[in-house]
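Chemist: Pasting a structure here, questions to come.
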Amino acid sequence: MSRSKLRVRASTAWIGAAIVCLASTQAPAQQGSLLPFFKPTMEDVAPGVDHGNSDKRLPEDLQRQAVFYRSQHPTGTIVIETSERHLYLIESETRALRYGIGVGRDGFTWAGLLQITRKTEWPDWHPPPEMIARQPYLPRFMAGGPGNPLGARAMHLGSTVYRIHGTNAPETIGHAVSSGCFRLVNDDVADLYGRVPVGTRVIVRQN
């Protein structure tokens with residue numbers, strides 16, 4: 001097969017995967033509105049409470065480290081393995097930087113292919129209407145800073161409401177507690193934030 005045909009097929013696959021992702025990322029919000037509560041694997045920390053930028057009690061496999069990871073994705077790609085509770089930043093065909101993450105609870109997981117479209121430091125928090133409907137006691141706005149549920153950094157995924165972000169509750173890493181976002185301890189999200197530019201491809205897998 002000619003190189004030009006391969007390029008066309010690759011581009012078509014990328015566009016198709018992105019369309020599938022955009023469709024799938026709407027499912028958690030819609031499902032959440034029909035089924036109002038999905039129990040997390042542990043209770044989250046209330047907004048405004050600051051439990052620090054890291055947690056030394058986290059298991060070793062959830063701590064940031066370079067690992068052997070075989071991949072054909074380009075260097076700089078982020079691969080999120082939801083079931084593993086790991087985020088991989090690809091460094092070569094056989095190496096990645098691995099971070100422990102917290103993921104969406106039952107009913108709020110998704111899979112797909114997106115890009116980082118915006119990056120913010122100490123982001124403000126505006127809970128979306130779907131979250132307010134499920135948890136009406138939440139504040140409608142919280143300025144960025146310690147205690148903010150988005151933590152020290154946020155990387156927005158496509159045009160969705162989902163982000164890779166920090167947390168005010170480092171002990172929740174490794175658990176399924178969120179409404180679809182992926183959280184890292186603040187020390188780790190600041191490290192990742194400094195390594196990836198806007199436009200970075202993010203592959204989210206459920207299994």
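As shown in the structure tokens, the chain order sets the letters A, B, ...; within each chain, residues go from 1, and ligands are also counted from 1 in the order they appear.
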Taking only residues of range 39-148 of chain A that have an atom at most 8 Å from an atom of range 185-193 of chain A, what is each one's shortest atom pair and its distance in Å to one decimal, using only C-alpha atoms, in chain and number order, as a Markdown table?

Modeler:
| residue | atom | partner | partner_atom | distance |
| --- | --- | --- | --- | --- |
| A:Gly52 | CA | A:Asn186 | CA | 8.0 |
| A:Asn53 | CA | A:Asn186 | CA | 4.7 |
| A:Ser54 | CA | A:Val185 | CA | 5.3 |
| A:Asp55 | CA | A:Val185 | CA | 7.7 |
| A:Arg64 | CA | A:Asp188 | CA | 6.9 |
| A:Tyr99 | CA | A:Asp188 | CA | 7.1 |
| A:Ile101 | CA | A:Val185 | CA | 7.8 |
| A:Lys119 | CA | A:Tyr193 | CA | 7.8 |

Chemist: Restricting it to all heavy atoms, dump the selection as a PDB file, in the first residue's frame.

Modeler:
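And here's out.pdb as it stands now:
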ATOM      1  N   GLY A  52      -3.323  18.770  51.582  1.00  0.00           N
ATOM      2  CA  GLY A  52      -1.923  18.816  51.169  1.00  0.00           C
ATOM      3  C   GLY A  52      -1.697  18.487  49.709  1.00  0.00           C
ATOM      4  O   GLY A  52      -2.604  18.123  48.964  1.00  0.00           O
ATOM      5  N   ASN A  53      -0.418  18.614  49.302  1.00  0.00           N
ATOM      6  CA  ASN A  53      -0.037  18.452  47.900  1.00  0.00           C
ATOM      7  C   ASN A  53       0.420  17.049  47.538  1.00  0.00           C
ATOM      8  O   ASN A  53       0.652  16.755  46.363  1.00  0.00           O
ATOM      9  CB  ASN A  53       1.067  19.448  47.554  1.00  0.00           C
ATOM     10  CG  ASN A  53       0.565  20.877  47.578  1.00  0.00           C
ATOM     11  OD1 ASN A  53      -0.563  21.154  47.190  1.00  0.00           O
ATOM     12  ND2 ASN A  53       1.410  21.796  48.036  1.00  0.00           N
ATOM     13  N   SER A  54       0.573  16.176  48.509  1.00  0.00           N
ATOM     14  CA  SER A  54       0.977  14.799  48.245  1.00  0.00           C
ATOM     15  C   SER A  54       0.556  13.942  49.431  1.00  0.00           C
ATOM     16  O   SER A  54       0.050  14.453  50.429  1.00  0.00           O
ATOM     17  CB  SER A  54       2.491  14.704  48.015  1.00  0.00           C
ATOM     18  OG  SER A  54       3.190  15.105  49.182  1.00  0.00           O
ATOM     19  N   ASP A  55       0.757  12.633  49.300  1.00  0.00           N
ATOM     20  CA  ASP A  55       0.413  11.709  50.372  1.00  0.00           C
ATOM     21  C   ASP A  55       1.448  10.592  50.382  1.00  0.00           C
ATOM     22  O   ASP A  55       1.449   9.731  49.506  1.00  0.00           O
ATOM     23  CB  ASP A  55      -0.998  11.140  50.168  1.00  0.00           C
ATOM     24  CG  ASP A  55      -1.473  10.303  51.353  1.00  0.00           C
ATOM     25  OD1 ASP A  55      -0.634   9.967  52.212  1.00  0.00           O
ATOM     26  OD2 ASP A  55      -2.670   9.979  51.419  1.00  0.00           O
ATOM     27  N   ARG A  64       4.669   8.652  41.425  1.00  0.00           N
ATOM     28  CA  ARG A  64       5.257   8.975  40.124  1.00  0.00           C
ATOM     29  C   ARG A  64       6.584   8.240  39.940  1.00  0.00           C
ATOM     30  O   ARG A  64       7.450   8.282  40.817  1.00  0.00           O
ATOM     31  CB  ARG A  64       5.481  10.485  40.021  1.00  0.00           C
ATOM     32  CG  ARG A  64       6.058  10.933  38.693  1.00  0.00           C
ATOM     33  CD  ARG A  64       6.092  12.439  38.599  1.00  0.00           C
ATOM     34  NE  ARG A  64       7.189  13.031  39.327  1.00  0.00           N
ATOM     35  CZ  ARG A  64       7.060  13.915  40.309  1.00  0.00           C
ATOM     36  NH1 ARG A  64       5.869  14.290  40.733  1.00  0.00           N
ATOM     37  NH2 ARG A  64       8.119  14.431  40.902  1.00  0.00           N
ATOM     38  N   TYR A  99       1.978   7.979  36.496  1.00  0.00           N
ATOM     39  CA  TYR A  99       1.406   8.705  37.637  1.00  0.00           C
ATOM     40  C   TYR A  99       0.199   7.936  38.160  1.00  0.00           C
ATOM     41  O   TYR A  99      -0.592   7.394  37.384  1.00  0.00           O
ATOM     42  CB  TYR A  99       0.930  10.091  37.211  1.00  0.00           C
ATOM     43  CG  TYR A  99       1.954  10.994  36.580  1.00  0.00           C
ATOM     44  CD1 TYR A  99       2.320  10.855  35.240  1.00  0.00           C
ATOM     45  CD2 TYR A  99       2.546  12.028  37.313  1.00  0.00           C
ATOM     46  CE1 TYR A  99       3.244  11.696  34.654  1.00  0.00           C
ATOM     47  CE2 TYR A  99       3.470  12.887  36.728  1.00  0.00           C
ATOM     48  CZ  TYR A  99       3.817  12.713  35.401  1.00  0.00           C
ATOM     49  OH  TYR A  99       4.730  13.568  34.822  1.00  0.00           O
ATOM     50  N   ILE A 101      -3.540   7.948  39.672  1.00  0.00           N
ATOM     51  CA  ILE A 101      -4.662   8.863  39.478  1.00  0.00           C
ATOM     52  C   ILE A 101      -5.897   8.376  40.226  1.00  0.00           C
ATOM     53  O   ILE A 101      -6.033   7.206  40.572  1.00  0.00           O
ATOM     54  CB  ILE A 101      -5.019   9.016  37.979  1.00  0.00           C
ATOM     55  CG1 ILE A 101      -5.379   7.654  37.354  1.00  0.00           C
ATOM     56  CG2 ILE A 101      -3.885   9.681  37.221  1.00  0.00           C
ATOM     57  CD1 ILE A 101      -5.893   7.750  35.922  1.00  0.00           C
ATOM     58  N   LYS A 119      -4.780  24.956  29.442  1.00  0.00           N
ATOM     59  CA  LYS A 119      -4.092  24.668  30.689  1.00  0.00           C
ATOM     60  C   LYS A 119      -4.261  25.857  31.630  1.00  0.00           C
ATOM     61  O   LYS A 119      -4.143  27.006  31.194  1.00  0.00           O
ATOM     62  CB  LYS A 119      -2.596  24.427  30.433  1.00  0.00           C
ATOM     63  CG  LYS A 119      -2.302  23.220  29.552  1.00  0.00           C
ATOM     64  CD  LYS A 119      -0.832  23.191  29.115  1.00  0.00           C
ATOM     65  CE  LYS A 119       0.124  23.172  30.283  1.00  0.00           C
ATOM     66  NZ  LYS A 119       1.539  23.143  29.845  1.00  0.00           N
TER      67      LYS A 119
END

Chemist: Could you give me the residues within range 55-112 of chain A that DSSP places in helix (DSSP H, G or I), as a list in words?

Modeler: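 These are the residues in question: Glu60, Asp61, Leu62, Thr82, Ser83 and Glu84 of chain A.
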
Chemist: Taking the backbone alone, and naming residues the way the document does, which bits of chain A are strand (DSSP E or B) by DSSP, as a PyMOL selection string?

Modeler: chain A and resi 65-68+78-81+86-90+95-100+102-104+112-121+125+142+153-157+163-165+176-178+182-183+201-205

Chemist: Within 10 Å of Gly147 in chain A, counting only C-alpha atoms, which residues qualify if same-chain residues fewer than 2 places away don't, as a list in words?

Modeler: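 Answer for this query is Val45, Ala46, Pro47, Gly48, Val49, Asp50, His51, Gly52, Met142, Ala143, Gly144, Gly145, Pro149, Leu150, Gly151, Ala152, Thr167, Asn168 and Ala169 of chain A.
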
Chemist: Env of Glu84 in chain A: 9 Å cut, atoms = only C-alpha atoms, seq-sep filter 6 positions within chain, self excluded. Answer as a list in words.

Modeler: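 Residues near the query, excluding close chain neighbours: Gly100, Ile101, Gly174, Gln206 and Asn207 of chain A.
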
Chemist: Between CA of Glu91 in chain A and CA of Thr75 in chain A, what is the spacing in Å?

Modeler: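 Separating CA of Thr75 in chain A from CA of Glu91 in chain A is a distance of 5.0 Å.
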
Chemist: For Thr120 in chain A, which of A:Met155, A:Ser178, A:Pro74, A:Leu184 is the closest residue, counting only C-alpha atoms?

Modeler: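 Nearest candidate to Thr120 in chain A out of A:Met155, A:Ser178, A:Pro74, A:Leu184: A:Met155.
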
Chemist: Which residues of range 133-204 of chain A come within 7 Å of range 102-114 of chain A, and what is each one's closest atom pair and distance in Å (one decimal), counting only C-alpha atoms, sorted by chain and residue number, as a Markdown table?

Modeler:
| residue | atom | partner | partner_atom | distance |
| --- | --- | --- | --- | --- |
| A:Leu157 | CA | A:Leu114 | CA | 6.1 |
| A:Gly158 | CA | A:Leu114 | CA | 5.6 |
| A:Thr172 | CA | A:Gly102 | CA | 6.2 |
| A:Ile173 | CA | A:Gly102 | CA | 4.4 |
| A:Gly174 | CA | A:Gly102 | CA | 5.0 |
| A:His175 | CA | A:Gly102 | CA | 5.1 |
| A:Ala176 | CA | A:Arg105 | CA | 4.3 |
| A:Val177 | CA | A:Arg105 | CA | 4.9 |
| A:Ser178 | CA | A:Gly104 | CA | 4.3 |
| A:Ser179 | CA | A:Gly104 | CA | 5.1 |
| A:Gly180 | CA | A:Gly104 | CA | 4.2 |
| A:Cys181 | CA | A:Gly104 | CA | 6.2 |
| A:Phe182 | CA | A:Val103 | CA | 5.0 |
| A:Arg183 | CA | A:Gly102 | CA | 5.0 |
| A:Leu184 | CA | A:Gly102 | CA | 6.6 |
| A:Arg201 | CA | A:Leu114 | CA | 5.9 |
| A:Val202 | CA | A:Leu114 | CA | 5.2 |
| A:Ile203 | CA | A:Leu113 | CA | 4.7 |
| A:Val204 | CA | A:Ala111 | CA | 4.8 |

Chemist: CA of Leu87 in chain A and CA of Gln72 in chain A, how far apart in Å?

Modeler: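 Spanning CA of Gln72 in chain A to CA of Leu87 in chain A is a straight-line distance of 16.0 Å.
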
Chemist: So which one's closest to Gly199 in chain A, A:Leu89, A:Val67, A:Ile116, A:Leu62? Using only C-alpha atoms, please.

Modeler: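 The answer is A:Ile116, which sits nearest to Gly199 in chain A.
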
Chemist: Calculated over only C-alpha atoms, which of the candidates A:Thr82, A:Gln63, A:Ser71, A:Thr160 has the smallest distance to Arg118 in chain A?

Modeler: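 Closest to Arg118 in chain A, using only C-alpha atoms: A:Thr160.
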
Chemist: Counting only C-alpha atoms, which residue out of A:Trp122, A:Pro197, A:Arg140, A:Met131 sits closest to Gly166 in chain A?

Modeler: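 Comparing A:Trp122, A:Pro197, A:Arg140, A:Met131 against Gly166 in chain A, the winner is A:Trp122.
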
Chemist: Using only C-alpha atoms, which protein or nucleic acid residues come within 12 Å of Pro136 in chain A? Drop anything in the same chain fewer than 6 positions from it, and give the result as a list in words.

Modeler: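 Non-adjacent residues within range: Pro36, Pro127, Pro128, Pro129 and Glu130 of chain A.
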
Chemist: Write out the residues from the selection above, keeping all heavy atoms, as a PDB file, in the first residue's frame.

Modeler:
ATOM      1  N   PRO A  36     -29.384   9.239  39.926  1.00  0.00           N
ATOM      2  CA  PRO A  36     -28.806  10.376  40.629  1.00  0.00           C
ATOM      3  C   PRO A  36     -27.583  10.080  41.481  1.00  0.00           C
ATOM      4  O   PRO A  36     -26.853  10.984  41.818  1.00  0.00           O
ATOM      5  CB  PRO A  36     -29.961  10.857  41.509  1.00  0.00           C
ATOM      6  CG  PRO A  36     -30.836   9.663  41.678  1.00  0.00           C
ATOM      7  CD  PRO A  36     -30.733   8.912  40.380  1.00  0.00           C
ATOM      8  N   PRO A 127     -18.685  24.185  39.456  1.00  0.00           N
ATOM      9  CA  PRO A 127     -19.348  22.885  39.260  1.00  0.00           C
ATOM     10  C   PRO A 127     -20.395  22.976  38.156  1.00  0.00           C
ATOM     11  O   PRO A 127     -21.209  23.901  38.154  1.00  0.00           O
ATOM     12  CB  PRO A 127     -20.007  22.615  40.618  1.00  0.00           C
ATOM     13  CG  PRO A 127     -19.240  23.441  41.592  1.00  0.00           C
ATOM     14  CD  PRO A 127     -18.819  24.674  40.833  1.00  0.00           C
ATOM     15  N   PRO A 128     -20.384  22.043  37.188  1.00  0.00           N
ATOM     16  CA  PRO A 128     -21.368  22.111  36.102  1.00  0.00           C
ATOM     17  C   PRO A 128     -22.777  21.846  36.618  1.00  0.00           C
ATOM     18  O   PRO A 128     -22.963  21.259  37.697  1.00  0.00           O
ATOM     19  CB  PRO A 128     -20.913  21.005  35.149  1.00  0.00           C
ATOM     20  CG  PRO A 128     -20.095  20.085  35.976  1.00  0.00           C
ATOM     21  CD  PRO A 128     -19.442  20.925  37.023  1.00  0.00           C
ATOM     22  N   PRO A 129     -23.797  22.273  35.859  1.00  0.00           N
ATOM     23  CA  PRO A 129     -25.187  22.111  36.303  1.00  0.00           C
ATOM     24  C   PRO A 129     -25.551  20.678  36.673  1.00  0.00           C
ATOM     25  O   PRO A 129     -26.304  20.453  37.622  1.00  0.00           O
ATOM     26  CB  PRO A 129     -25.999  22.596  35.102  1.00  0.00           C
ATOM     27  CG  PRO A 129     -25.094  23.545  34.384  1.00  0.00           C
ATOM     28  CD  PRO A 129     -23.715  23.007  34.574  1.00  0.00           C
ATOM     29  N   GLU A 130     -25.007  19.703  35.916  1.00  0.00           N
ATOM     30  CA  GLU A 130     -25.320  18.301  36.209  1.00  0.00           C
ATOM     31  C   GLU A 130     -24.830  17.909  37.605  1.00  0.00           C
ATOM     32  O   GLU A 130     -25.485  17.159  38.322  1.00  0.00           O
ATOM     33  CB  GLU A 130     -24.681  17.375  35.164  1.00  0.00           C
ATOM     34  CG  GLU A 130     -25.205  17.566  33.748  1.00  0.00           C
ATOM     35  CD  GLU A 130     -24.447  18.649  32.988  1.00  0.00           C
ATOM     36  OE1 GLU A 130     -23.581  19.313  33.602  1.00  0.00           O
ATOM     37  OE2 GLU A 130     -24.714  18.830  31.790  1.00  0.00           O
TER      38      GLU A 130
END

Chemist: Can you measure CA of Tyr88 in chain A to CA of Glu171 in chain A for me? One decimal in Å is fine.

Modeler: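 It comes out at 19.9 Å.
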